[in-house]
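*Asks:* The file below is data.tsv, TSV, N, CA and C atoms:
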```tsv
chain	number	residue	atom	x	y	z
A	272	MET	N	0.05	58.46	-21.42
A	272	MET	CA	-0.83	57.36	-21.09
A	272	MET	C	-0.30	56.11	-21.78
A	273	SER	N	-0.29	55.02	-21.05
A	273	SER	CA	0.20	53.77	-21.62
A	273	SER	C	-0.85	53.18	-22.55
A	274	PRO	N	-0.41	52.32	-23.49
A	274	PRO	CA	-1.36	51.71	-24.41
A	274	PRO	C	-2.31	50.76	-23.69
A	275	ARG	N	-3.38	50.42	-24.38
A	275	ARG	CA	-4.38	49.52	-23.83
A	275	ARG	C	-3.74	48.21	-23.40
A	276	PRO	N	-4.10	47.73	-22.19
A	276	PRO	CA	-3.57	46.44	-21.75
A	276	PRO	C	-4.03	45.33	-22.70
A	277	GLY	N	-3.28	44.27	-22.79
A	277	GLY	CA	-3.67	43.13	-23.61
A	277	GLY	C	-3.12	43.23	-25.01
A	278	ASN	N	-3.81	42.59	-25.93
A	278	ASN	CA	-3.32	42.47	-27.30
A	278	ASN	C	-4.18	43.24	-28.29
A	279	GLY	N	-4.42	44.52	-28.06
A	279	GLY	CA	-5.16	45.32	-29.03
A	279	GLY	C	-6.66	45.18	-28.91
A	280	ASN	N	-7.35	45.32	-30.02
A	280	ASN	CA	-8.80	45.31	-30.07
A	280	ASN	C	-9.33	43.89	-29.82
A	281	PRO	N	-10.13	43.70	-28.75
A	281	PRO	CA	-10.64	42.36	-28.46
A	281	PRO	C	-11.61	41.85	-29.51
A	282	LEU	N	-12.19	42.73	-30.30
A	282	LEU	CA	-13.15	42.29	-31.33
A	282	LEU	C	-12.46	41.61	-32.49
A	283	GLU	N	-11.18	41.92	-32.70
A	283	GLU	CA	-10.45	41.29	-33.80
A	283	GLU	C	-10.36	39.78	-33.62
A	284	SER	N	-10.23	39.33	-32.38
A	284	SER	CA	-10.12	37.89	-32.11
A	284	SER	C	-11.46	37.28	-31.69
A	285	GLY	N	-12.42	38.14	-31.32
A	285	GLY	CA	-13.69	37.63	-30.81
A	285	GLY	C	-13.60	37.16	-29.37
A	286	ASP	N	-12.43	37.34	-28.74
A	286	ASP	CA	-12.23	36.91	-27.37
A	286	ASP	C	-12.47	38.08	-26.43
A	287	LEU	N	-13.51	37.98	-25.62
A	287	LEU	CA	-13.85	39.06	-24.70
A	287	LEU	C	-13.09	38.97	-23.39
A	288	GLY	N	-12.21	38.00	-23.23
A	288	GLY	CA	-11.37	37.90	-22.05
A	288	GLY	C	-11.78	36.78	-21.10
A	289	ALA	N	-10.92	36.54	-20.12
A	289	ALA	CA	-11.09	35.43	-19.19
A	289	ALA	C	-12.37	35.55	-18.36
A	290	PHE	N	-12.68	36.75	-17.90
A	290	PHE	CA	-13.89	36.93	-17.09
A	290	PHE	C	-15.13	36.58	-17.91
A	291	ALA	N	-15.22	37.11	-19.13
A	291	ALA	CA	-16.38	36.84	-19.98
A	291	ALA	C	-16.51	35.35	-20.27
A	292	ARG	N	-15.38	34.68	-20.51
A	292	ARG	CA	-15.42	33.22	-20.74
A	292	ARG	C	-15.94	32.50	-19.50
A	293	ARG	N	-15.46	32.90	-18.32
A	293	ARG	CA	-15.88	32.22	-17.08
A	293	ARG	C	-17.38	32.40	-16.84
A	294	VAL	N	-17.90	33.58	-17.10
A	294	VAL	CA	-19.32	33.84	-16.89
A	294	VAL	C	-20.16	33.18	-17.98
A	295	GLY	N	-19.60	33.05	-19.19
A	295	GLY	CA	-20.32	32.43	-20.30
A	295	GLY	C	-20.87	33.43	-21.30
A	296	LEU	N	-20.31	34.64	-21.34
A	296	LEU	CA	-20.76	35.65	-22.29
A	296	LEU	C	-20.28	35.29	-23.69
A	297	GLU	N	-21.16	35.39	-24.67
A	297	GLU	CA	-20.82	35.09	-26.06
A	297	GLU	C	-21.09	36.33	-26.90
A	298	LEU	N	-20.10	36.73	-27.71
A	298	LEU	CA	-20.28	37.83	-28.64
A	298	LEU	C	-20.96	37.30	-29.89
A	299	VAL	N	-22.16	37.78	-30.18
A	299	VAL	CA	-22.90	37.38	-31.37
A	299	VAL	C	-22.48	38.25	-32.55
A	300	ARG	N	-22.44	39.59	-32.31
A	300	ARG	CA	-21.99	40.51	-33.36
A	300	ARG	C	-21.62	41.84	-32.73
A	301	ALA	N	-20.78	42.57	-33.44
A	301	ALA	CA	-20.42	43.94	-33.08
A	301	ALA	C	-20.12	44.67	-34.38
A	302	GLU	N	-20.89	45.70	-34.68
A	302	GLU	CA	-20.71	46.43	-35.93
A	302	GLU	C	-21.35	47.81	-35.85
A	303	ARG	N	-20.69	48.80	-36.43
A	303	ARG	CA	-21.22	50.17	-36.59
A	303	ARG	C	-21.92	50.72	-35.35
A	304	GLY	N	-21.26	50.65	-34.20
A	304	GLY	CA	-21.81	51.24	-32.99
A	304	GLY	C	-22.86	50.42	-32.29
A	305	THR	N	-22.97	49.15	-32.63
A	305	THR	CA	-23.92	48.26	-31.97
A	305	THR	C	-23.24	46.94	-31.62
A	306	SER	N	-23.84	46.22	-30.68
A	306	SER	CA	-23.36	44.87	-30.38
A	306	SER	C	-24.51	44.03	-29.87
A	307	ARG	N	-24.32	42.73	-29.95
A	307	ARG	CA	-25.26	41.77	-29.36
A	307	ARG	C	-24.43	40.70	-28.65
A	308	LEU	N	-24.74	40.50	-27.38
A	308	LEU	CA	-24.13	39.43	-26.60
A	308	LEU	C	-25.22	38.47	-26.17
A	309	ARG	N	-24.80	37.26	-25.88
A	309	ARG	CA	-25.73	36.20	-25.47
A	309	ARG	C	-25.16	35.49	-24.26
A	310	LEU	N	-26.05	35.00	-23.41
A	310	LEU	CA	-25.66	34.20	-22.24
A	310	LEU	C	-26.74	33.16	-22.00
A	311	GLU	N	-26.34	31.94	-21.75
A	311	GLU	CA	-27.28	30.89	-21.35
A	311	GLU	C	-27.27	30.84	-19.82
A	312	ALA	N	-28.31	31.43	-19.21
A	312	ALA	CA	-28.38	31.54	-17.76
A	312	ALA	C	-28.80	30.21	-17.13
A	313	GLY	N	-28.21	29.92	-15.98
A	313	GLY	CA	-28.54	28.71	-15.26
A	313	GLY	C	-28.14	28.80	-13.81
A	314	PRO	N	-28.23	27.70	-13.08
A	314	PRO	CA	-27.96	27.70	-11.63
A	314	PRO	C	-26.59	28.27	-11.24
A	315	ARG	N	-25.58	28.14	-12.10
A	315	ARG	CA	-24.27	28.68	-11.73
A	315	ARG	C	-24.26	30.20	-11.67
A	316	HIS	N	-25.31	30.84	-12.21
A	316	HIS	CA	-25.42	32.30	-12.21
A	316	HIS	C	-26.37	32.83	-11.12
A	317	TRP	N	-26.95	31.95	-10.32
A	317	TRP	CA	-27.97	32.35	-9.36
A	317	TRP	C	-27.37	32.98	-8.11
A	318	ASN	N	-28.17	33.87	-7.52
A	318	ASN	CA	-27.85	34.38	-6.19
A	318	ASN	C	-28.46	33.41	-5.16
A	319	PRO	N	-28.32	33.67	-3.86
A	319	PRO	CA	-28.88	32.73	-2.86
A	319	PRO	C	-30.39	32.57	-2.92
A	320	HIS	N	-31.10	33.44	-3.64
A	320	HIS	CA	-32.56	33.36	-3.74
A	320	HIS	C	-33.04	32.60	-4.96
A	321	GLY	N	-32.10	32.04	-5.71
A	321	GLY	CA	-32.48	31.21	-6.85
A	321	GLY	C	-32.83	31.97	-8.12
A	322	VAL	N	-32.40	33.22	-8.20
A	322	VAL	CA	-32.58	34.00	-9.43
A	322	VAL	C	-31.21	34.51	-9.88
A	323	LEU	N	-31.15	34.95	-11.13
A	323	LEU	CA	-29.90	35.43	-11.70
A	323	LEU	C	-29.31	36.56	-10.85
A	324	HIS	N	-28.03	36.45	-10.53
A	324	HIS	CA	-27.33	37.48	-9.78
A	324	HIS	C	-27.28	38.76	-10.61
A	325	GLY	N	-27.53	39.90	-10.02
A	325	GLY	CA	-27.53	41.17	-10.74
A	325	GLY	C	-26.22	41.47	-11.42
A	326	GLY	N	-25.12	40.97	-10.87
A	326	GLY	CA	-23.81	41.20	-11.47
A	326	GLY	C	-23.68	40.55	-12.84
A	327	VAL	N	-24.44	39.51	-13.09
A	327	VAL	CA	-24.40	38.85	-14.40
A	327	VAL	C	-25.02	39.77	-15.45
A	328	LEU	N	-26.18	40.36	-15.12
A	328	LEU	CA	-26.80	41.31	-16.05
A	328	LEU	C	-25.90	42.53	-16.25
A	329	PHE	N	-25.29	43.00	-15.16
A	329	PHE	CA	-24.38	44.15	-15.25
A	329	PHE	C	-23.20	43.81	-16.16
A	330	SER	N	-22.66	42.61	-16.03
A	330	SER	CA	-21.53	42.19	-16.87
A	330	SER	C	-21.92	42.12	-18.33
A	331	LEU	N	-23.13	41.65	-18.62
A	331	LEU	CA	-23.61	41.64	-20.00
A	331	LEU	C	-23.67	43.06	-20.56
A	332	ALA	N	-24.24	43.99	-19.79
A	332	ALA	CA	-24.36	45.37	-20.26
A	332	ALA	C	-22.99	46.02	-20.43
A	333	ASP	N	-22.13	45.89	-19.45
A	333	ASP	CA	-20.80	46.51	-19.50
A	333	ASP	C	-19.99	45.97	-20.68
A	334	THR	N	-20.00	44.67	-20.86
A	334	THR	CA	-19.24	44.06	-21.95
A	334	THR	C	-19.85	44.43	-23.31
A	335	GLY	N	-21.18	44.44	-23.38
A	335	GLY	CA	-21.85	44.84	-24.62
A	335	GLY	C	-21.55	46.28	-24.99
A	336	MET	N	-21.49	47.15	-23.99
A	336	MET	CA	-21.18	48.55	-24.25
A	336	MET	C	-19.75	48.70	-24.79
A	337	GLY	N	-18.82	48.02	-24.16
A	337	GLY	CA	-17.44	48.08	-24.65
A	337	GLY	C	-17.33	47.56	-26.07
A	338	ALA	N	-18.01	46.46	-26.36
A	338	ALA	CA	-17.96	45.87	-27.71
A	338	ALA	C	-18.54	46.83	-28.74
A	339	ALA	N	-19.67	47.47	-28.43
A	339	ALA	CA	-20.29	48.40	-29.37
A	339	ALA	C	-19.39	49.60	-29.62
A	340	LEU	N	-18.79	50.13	-28.56
A	340	LEU	CA	-17.94	51.30	-28.71
A	340	LEU	C	-16.66	50.99	-29.47
A	341	TYR	N	-16.10	49.80	-29.24
A	341	TYR	CA	-14.86	49.43	-29.96
A	341	TYR	C	-15.03	49.50	-31.47
A	342	THR	N	-16.26	49.30	-31.96
A	342	THR	CA	-16.47	49.35	-33.42
A	342	THR	C	-16.30	50.76	-33.98
A	343	LEU	N	-16.29	51.77	-33.12
A	343	LEU	CA	-16.17	53.16	-33.56
A	343	LEU	C	-14.82	53.78	-33.21
A	344	LEU	N	-13.94	53.02	-32.57
A	344	LEU	CA	-12.65	53.56	-32.15
A	344	LEU	C	-11.63	53.49	-33.27
A	345	SER	N	-10.71	54.44	-33.24
A	345	SER	CA	-9.61	54.48	-34.20
A	345	SER	C	-8.47	53.62	-33.67
A	346	PRO	N	-7.54	53.22	-34.54
A	346	PRO	CA	-6.35	52.49	-34.07
A	346	PRO	C	-5.64	53.30	-32.99
A	347	GLY	N	-5.24	52.62	-31.92
A	347	GLY	CA	-4.55	53.27	-30.80
A	347	GLY	C	-5.49	53.74	-29.71
A	348	GLU	N	-6.80	53.75	-29.96
A	348	GLU	CA	-7.77	54.13	-28.94
A	348	GLU	C	-8.29	52.89	-28.22
A	349	TRP	N	-8.70	53.08	-26.98
A	349	TRP	CA	-9.36	52.03	-26.21
A	349	TRP	C	-10.35	52.70	-25.27
A	350	CYS	N	-11.16	51.93	-24.60
A	350	CYS	CA	-12.21	52.53	-23.78
A	350	CYS	C	-12.29	51.85	-22.42
A	351	ALA	N	-12.92	52.57	-21.49
A	351	ALA	CA	-13.16	52.06	-20.14
A	351	ALA	C	-14.45	52.66	-19.61
A	352	SER	N	-15.21	51.89	-18.87
A	352	SER	CA	-16.47	52.40	-18.33
A	352	SER	C	-16.20	53.44	-17.25
A	353	ILE	N	-17.01	54.49	-17.27
A	353	ILE	CA	-16.99	55.52	-16.24
A	353	ILE	C	-18.12	55.26	-15.25
A	354	GLU	N	-19.33	55.08	-15.79
A	354	GLU	CA	-20.50	54.86	-14.95
A	354	GLU	C	-21.54	54.08	-15.76
A	355	ILE	N	-22.22	53.17	-15.08
A	355	ILE	CA	-23.34	52.45	-15.70
A	355	ILE	C	-24.47	52.38	-14.69
A	356	LYS	N	-25.66	52.74	-15.13
A	356	LYS	CA	-26.86	52.61	-14.31
A	356	LYS	C	-27.71	51.52	-14.93
A	357	LEU	N	-28.08	50.53	-14.12
A	357	LEU	CA	-28.85	49.39	-14.61
A	357	LEU	C	-30.17	49.30	-13.87
A	358	HIS	N	-31.25	49.27	-14.62
A	358	HIS	CA	-32.59	49.09	-14.06
A	358	HIS	C	-32.96	47.62	-14.22
A	359	PHE	N	-33.20	46.93	-13.12
A	359	PHE	CA	-33.64	45.54	-13.14
A	359	PHE	C	-35.16	45.54	-13.25
A	360	LEU	N	-35.69	44.95	-14.32
A	360	LEU	CA	-37.12	45.03	-14.59
A	360	LEU	C	-37.88	43.73	-14.33
A	361	ALA	N	-37.19	42.60	-14.38
A	361	ALA	CA	-37.85	41.31	-14.14
A	361	ALA	C	-36.80	40.28	-13.72
A	362	PRO	N	-37.17	39.34	-12.86
A	362	PRO	CA	-36.21	38.30	-12.46
A	362	PRO	C	-35.97	37.29	-13.57
A	363	VAL	N	-34.80	36.69	-13.54
A	363	VAL	CA	-34.42	35.67	-14.53
A	363	VAL	C	-33.92	34.46	-13.74
A	364	ARG	N	-34.28	33.27	-14.18
A	364	ARG	CA	-33.77	32.04	-13.56
A	364	ARG	C	-32.83	31.29	-14.51
A	365	ARG	N	-33.33	30.96	-15.66
A	365	ARG	CA	-32.53	30.19	-16.61
A	365	ARG	C	-32.99	30.48	-18.02
A	366	GLY	N	-32.14	30.07	-18.97
A	366	GLY	CA	-32.48	30.24	-20.37
A	366	GLY	C	-31.65	31.32	-21.04
A	367	PRO	N	-31.87	31.49	-22.33
A	367	PRO	CA	-31.05	32.45	-23.09
A	367	PRO	C	-31.39	33.90	-22.75
A	368	LEU	N	-30.34	34.69	-22.59
A	368	LEU	CA	-30.45	36.14	-22.41
A	368	LEU	C	-29.73	36.80	-23.57
A	369	VAL	N	-30.26	37.91	-24.05
A	369	VAL	CA	-29.63	38.66	-25.12
A	369	VAL	C	-29.46	40.09	-24.63
A	370	CYS	N	-28.30	40.68	-24.92
A	370	CYS	CA	-28.04	42.07	-24.61
A	370	CYS	C	-27.74	42.81	-25.91
A	371	ASP	N	-28.65	43.70	-26.30
A	371	ASP	CA	-28.46	44.54	-27.48
A	371	ASP	C	-28.03	45.93	-27.02
A	372	THR	N	-26.92	46.40	-27.57
A	372	THR	CA	-26.35	47.68	-27.16
A	372	THR	C	-26.17	48.58	-28.36
A	373	ARG	N	-26.35	49.88	-28.13
A	373	ARG	CA	-26.08	50.86	-29.18
A	373	ARG	C	-25.36	52.06	-28.57
A	374	VAL	N	-24.50	52.66	-29.37
A	374	VAL	CA	-23.86	53.90	-28.98
A	374	VAL	C	-24.85	55.02	-29.26
A	375	VAL	N	-25.24	55.74	-28.23
A	375	VAL	CA	-26.18	56.85	-28.38
A	375	VAL	C	-25.44	58.09	-28.88
A	376	ASN	N	-24.25	58.34	-28.32
A	376	ASN	CA	-23.44	59.48	-28.72
A	376	ASN	C	-21.97	59.17	-28.47
A	377	ARG	N	-21.14	59.45	-29.48
A	377	ARG	CA	-19.69	59.28	-29.32
A	377	ARG	C	-19.05	60.64	-29.48
A	378	GLY	N	-18.56	61.16	-28.37
A	378	GLY	CA	-17.82	62.41	-28.42
A	378	GLY	C	-16.34	62.11	-28.63
A	379	ARG	N	-15.52	63.15	-28.48
A	379	ARG	CA	-14.08	62.96	-28.67
A	379	ARG	C	-13.48	62.08	-27.59
A	380	ARG	N	-13.89	62.25	-26.35
A	380	ARG	CA	-13.31	61.50	-25.23
A	380	ARG	C	-14.32	60.79	-24.33
A	381	VAL	N	-15.62	60.97	-24.58
A	381	VAL	CA	-16.66	60.32	-23.77
A	381	VAL	C	-17.77	59.84	-24.70
A	382	ALA	N	-18.30	58.67	-24.40
A	382	ALA	CA	-19.42	58.11	-25.18
A	382	ALA	C	-20.56	57.73	-24.25
A	383	LEU	N	-21.78	57.84	-24.74
A	383	LEU	CA	-22.99	57.45	-24.04
A	383	LEU	C	-23.56	56.23	-24.76
A	384	LEU	N	-23.89	55.18	-23.99
A	384	LEU	CA	-24.38	53.94	-24.58
A	384	LEU	C	-25.63	53.46	-23.85
A	385	GLU	N	-26.43	52.64	-24.55
A	385	GLU	CA	-27.64	52.06	-23.98
A	385	GLU	C	-27.66	50.56	-24.27
A	386	SER	N	-27.96	49.77	-23.25
A	386	SER	CA	-28.11	48.32	-23.41
A	386	SER	C	-29.50	47.90	-22.98
A	387	ARG	N	-30.11	47.06	-23.80
A	387	ARG	CA	-31.40	46.46	-23.48
A	387	ARG	C	-31.17	44.96	-23.31
A	388	LEU	N	-31.52	44.44	-22.13
A	388	LEU	CA	-31.33	43.02	-21.81
A	388	LEU	C	-32.68	42.33	-21.90
A	389	ARG	N	-32.73	41.28	-22.71
A	389	ARG	CA	-34.00	40.62	-22.97
A	389	ARG	C	-33.91	39.12	-22.74
A	390	GLN	N	-35.05	38.56	-22.37
A	390	GLN	CA	-35.22	37.11	-22.37
A	390	GLN	C	-36.52	36.86	-23.13
A	391	GLY	N	-36.36	36.28	-24.32
A	391	GLY	CA	-37.52	36.15	-25.20
A	391	GLY	C	-37.99	37.54	-25.60
A	392	ARG	N	-39.27	37.78	-25.44
A	392	ARG	CA	-39.83	39.10	-25.78
A	392	ARG	C	-39.82	40.06	-24.60
A	393	SER	N	-39.45	39.59	-23.43
A	393	SER	CA	-39.47	40.42	-22.22
A	393	SER	C	-38.16	41.15	-22.01
A	394	THR	N	-38.25	42.45	-21.74
A	394	THR	CA	-37.08	43.21	-21.35
A	394	THR	C	-36.90	43.02	-19.86
A	395	VAL	N	-35.74	42.49	-19.47
A	395	VAL	CA	-35.48	42.20	-18.05
A	395	VAL	C	-34.54	43.23	-17.43
A	396	GLY	N	-33.90	44.05	-18.25
A	396	GLY	CA	-33.01	45.09	-17.74
A	396	GLY	C	-32.74	46.14	-18.78
A	397	LEU	N	-32.50	47.36	-18.33
A	397	LEU	CA	-32.17	48.47	-19.21
A	397	LEU	C	-31.03	49.24	-18.57
A	398	ALA	N	-29.95	49.47	-19.33
A	398	ALA	CA	-28.77	50.13	-18.78
A	398	ALA	C	-28.38	51.33	-19.63
A	399	LEU	N	-27.87	52.35	-18.96
A	399	LEU	CA	-27.33	53.53	-19.61
A	399	LEU	C	-25.93	53.73	-19.05
A	400	GLY	N	-24.95	53.88	-19.93
A	400	GLY	CA	-23.57	53.98	-19.47
A	400	GLY	C	-22.78	55.06	-20.16
A	401	THR	N	-21.78	55.57	-19.47
A	401	THR	CA	-20.81	56.48	-20.07
A	401	THR	C	-19.45	55.81	-20.03
A	402	PHE	N	-18.73	55.96	-21.14
A	402	PHE	CA	-17.41	55.35	-21.28
A	402	PHE	C	-16.40	56.43	-21.63
A	403	SER	N	-15.20	56.28	-21.11
A	403	SER	CA	-14.08	57.15	-21.47
A	403	SER	C	-13.39	56.57	-22.69
A	404	ILE	N	-13.00	57.44	-23.62
A	404	ILE	CA	-12.24	57.02	-24.79
A	404	ILE	C	-10.80	57.49	-24.55
A	405	LEU	N	-9.90	56.55	-24.51
A	405	LEU	CA	-8.51	56.79	-24.15
A	405	LEU	C	-7.59	56.53	-25.33
A	406	GLY	N	-6.37	56.99	-25.22
A	406	GLY	CA	-5.40	56.79	-26.30
A	406	GLY	C	-5.47	57.95	-27.28
A	407	SER	N	-4.73	57.81	-28.34
A	407	SER	CA	-4.61	58.89	-29.31
A	407	SER	C	-5.21	58.50	-30.63
A	408	ARG	N	-5.92	59.40	-31.25
A	408	ARG	CA	-6.46	59.16	-32.60
A	408	ARG	C	-5.33	59.07	-33.61
A	409	GLU	N	-4.17	59.63	-33.29
A	409	GLU	CA	-3.05	59.61	-34.22
A	409	GLU	C	-2.14	58.40	-34.04
A	410	SER	N	-2.42	57.55	-33.01
A	410	SER	CA	-1.54	56.39	-32.75
A	410	SER	C	-1.62	55.38	-33.86
```
Please rewrite the model in this file as structure tokens.

*Replies:*
Amino acid sequence: MSPRPGNGNPLESGDLGAFARRVGLELVRAERGTSRLRLEAGPRHWNPHGVLHGGVLFSLADTGMGAALYTLLSPGEWCASIEIKLHFLAPVRRGPLVCDTRVVNRGRRVALLESRLRQGRSTVGLALGTFSILGSRES
């Protein structure tokens, strides 16, 4: 298996990549199997009905899951999403969104993660994801 694309662990630089920058995802913290991401939602994120596009919430959860899992990986390991299920609980138009993620279980090659997406005190989405852990622990 080839090494992880890019320049190693994205958490070392705090740069989540070009897509995350374009969408406006901000890494607040990532430590010990948890992460927090933030996004200031606005009209550029809306679908044709004037509410936040579901892909924006999905991107927050997916990126938050990767960030949380990276805190538990050994040198030479990297991760990729296998499956994510996202429950949309309330519509969002604008304002700050926070995605808090935790690693529920980290196995040798698969991890289970949970993301809670909030706006203020309201939970607007809940995601459960499985990620593949790739690379070698001995690298």

*Asks:* Need to verify the contact set: segment 363-369 of chain A, 6.5 Å, only N, CA and C atoms, exclusion of same-chain residues closer than 6 positions in sequence. Can you return it as a PyMOL selection string?

*Replies:* chain A and resi 307-314+321-323+387-391

*Asks:* Write to file, as an mmCIF file, in the frame of the given file, the residues of the selection just made, with N, CA and C atoms.

*Replies:*
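Contents of part09.cif, as written:
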```
data_model
loop_
_atom_site.group_PDB
_atom_site.id
_atom_site.type_symbol
_atom_site.label_atom_id
_atom_site.label_comp_id
_atom_site.auth_asym_id
_atom_site.auth_seq_id
_atom_site.Cartn_x
_atom_site.Cartn_y
_atom_site.Cartn_z
ATOM 1 N N ARG A 307 -24.320 42.730 -29.950
ATOM 2 C CA ARG A 307 -25.260 41.770 -29.360
ATOM 3 C C ARG A 307 -24.430 40.700 -28.650
ATOM 4 N N LEU A 308 -24.740 40.500 -27.380
ATOM 5 C CA LEU A 308 -24.130 39.430 -26.600
ATOM 6 C C LEU A 308 -25.220 38.470 -26.170
ATOM 7 N N ARG A 309 -24.800 37.260 -25.880
ATOM 8 C CA ARG A 309 -25.730 36.200 -25.470
ATOM 9 C C ARG A 309 -25.160 35.490 -24.260
ATOM 10 N N LEU A 310 -26.050 35.000 -23.410
ATOM 11 C CA LEU A 310 -25.660 34.200 -22.240
ATOM 12 C C LEU A 310 -26.740 33.160 -22.000
ATOM 13 N N GLU A 311 -26.340 31.940 -21.750
ATOM 14 C CA GLU A 311 -27.280 30.890 -21.350
ATOM 15 C C GLU A 311 -27.270 30.840 -19.820
ATOM 16 N N ALA A 312 -28.310 31.430 -19.210
ATOM 17 C CA ALA A 312 -28.380 31.540 -17.760
ATOM 18 C C ALA A 312 -28.800 30.210 -17.130
ATOM 19 N N GLY A 313 -28.210 29.920 -15.980
ATOM 20 C CA GLY A 313 -28.540 28.710 -15.260
ATOM 21 C C GLY A 313 -28.140 28.800 -13.810
ATOM 22 N N PRO A 314 -28.230 27.700 -13.080
ATOM 23 C CA PRO A 314 -27.960 27.700 -11.630
ATOM 24 C C PRO A 314 -26.590 28.270 -11.240
ATOM 25 N N GLY A 321 -32.100 32.040 -5.710
ATOM 26 C CA GLY A 321 -32.480 31.210 -6.850
ATOM 27 C C GLY A 321 -32.830 31.970 -8.120
ATOM 28 N N VAL A 322 -32.400 33.220 -8.200
ATOM 29 C CA VAL A 322 -32.580 34.000 -9.430
ATOM 30 C C VAL A 322 -31.210 34.510 -9.880
ATOM 31 N N LEU A 323 -31.150 34.950 -11.130
ATOM 32 C CA LEU A 323 -29.900 35.430 -11.700
ATOM 33 C C LEU A 323 -29.310 36.560 -10.850
ATOM 34 N N ARG A 387 -30.110 47.060 -23.800
ATOM 35 C CA ARG A 387 -31.400 46.460 -23.480
ATOM 36 C C ARG A 387 -31.170 44.960 -23.310
ATOM 37 N N LEU A 388 -31.520 44.440 -22.130
ATOM 38 C CA LEU A 388 -31.330 43.020 -21.810
ATOM 39 C C LEU A 388 -32.680 42.330 -21.900
ATOM 40 N N ARG A 389 -32.730 41.280 -22.710
ATOM 41 C CA ARG A 389 -34.000 40.620 -22.970
ATOM 42 C C ARG A 389 -33.910 39.120 -22.740
ATOM 43 N N GLN A 390 -35.050 38.560 -22.370
ATOM 44 C CA GLN A 390 -35.220 37.110 -22.370
ATOM 45 C C GLN A 390 -36.520 36.860 -23.130
ATOM 46 N N GLY A 391 -36.360 36.280 -24.320
ATOM 47 C CA GLY A 391 -37.520 36.150 -25.200
ATOM 48 C C GLY A 391 -37.990 37.540 -25.600
#
```

*Asks:* Rounded to one decimal in Å, what is the spacing between atom C of Ser352 of chain A and atom CA of Ala291 of chain A?

*Replies:*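 Separation between atom C of Ser352 of chain A and atom CA of Ala291 of chain A: 16.8 Å.
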
*Asks:* What is the atom C of Arg373 of chain A to atom N of Glu385 of chain A distance in Å?

*Replies:*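 Going from atom C of Arg373 of chain A over to atom N of Glu385 of chain A, I get 4.2 Å.
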
*Asks:* I want to know what sits within 6.5 Å of Val381 of chain A, based on only N, CA and C atoms, with residues of the same chain fewer than 6 positions away left out; could you give that as a PyMOL selection string?

*Replies:* chain A and resi 401-404

*Asks:* Do you have the atom CA of Val374 of chain A-atom CA of Gly304 of chain A distance handy?

*Replies:* 5.2 Å

*Asks:* Filtering to C-alpha atoms, could segment 317-350 of chain A of the supplied structure be written out as an mmCIF file, in the first residue's frame?

*Replies:*
```cif
data_model
loop_
_atom_site.group_PDB
_atom_site.id
_atom_site.type_symbol
_atom_site.label_atom_id
_atom_site.label_comp_id
_atom_site.auth_asym_id
_atom_site.auth_seq_id
_atom_site.Cartn_x
_atom_site.Cartn_y
_atom_site.Cartn_z
ATOM 1 C CA TRP A 317 -27.557 27.203 0.778
ATOM 2 C CA ASN A 318 -29.410 24.772 -1.422
ATOM 3 C CA PRO A 319 -32.097 26.093 -3.847
ATOM 4 C CA HIS A 320 -34.612 26.184 -0.945
ATOM 5 C CA GLY A 321 -32.615 28.698 1.070
ATOM 6 C CA VAL A 322 -31.340 26.337 3.762
ATOM 7 C CA LEU A 323 -27.924 24.813 4.367
ATOM 8 C CA HIS A 324 -27.062 22.138 1.792
ATOM 9 C CA GLY A 325 -26.862 18.698 3.423
ATOM 10 C CA GLY A 326 -23.414 18.170 1.931
ATOM 11 C CA VAL A 327 -22.066 20.957 4.130
ATOM 12 C CA LEU A 328 -23.175 19.158 7.303
ATOM 13 C CA PHE A 329 -21.830 15.892 5.880
ATOM 14 C CA SER A 330 -18.476 17.568 5.174
ATOM 15 C CA LEU A 331 -18.310 18.867 8.748
ATOM 16 C CA ALA A 332 -18.964 15.370 10.129
ATOM 17 C CA ASP A 333 -16.574 13.586 7.745
ATOM 18 C CA THR A 334 -13.756 16.059 8.346
ATOM 19 C CA GLY A 335 -14.360 16.080 12.103
ATOM 20 C CA MET A 336 -14.220 12.291 12.186
ATOM 21 C CA GLY A 337 -10.935 12.211 10.309
ATOM 22 C CA ALA A 338 -9.458 14.862 12.604
ATOM 23 C CA ALA A 339 -10.514 12.993 15.760
ATOM 24 C CA LEU A 340 -9.147 9.686 14.498
ATOM 25 C CA TYR A 341 -5.822 11.198 13.390
ATOM 26 C CA THR A 342 -5.107 11.994 17.050
ATOM 27 C CA LEU A 343 -4.978 8.244 17.771
ATOM 28 C CA LEU A 344 -2.964 7.100 14.742
ATOM 29 C CA SER A 345 0.651 5.996 14.865
ATOM 30 C CA PRO A 346 3.316 7.404 12.524
ATOM 31 C CA GLY A 347 2.839 5.910 9.054
ATOM 32 C CA GLU A 348 -0.900 5.327 9.541
ATOM 33 C CA TRP A 349 -3.676 7.269 7.819
ATOM 34 C CA CYS A 350 -7.424 6.904 7.570
#
```
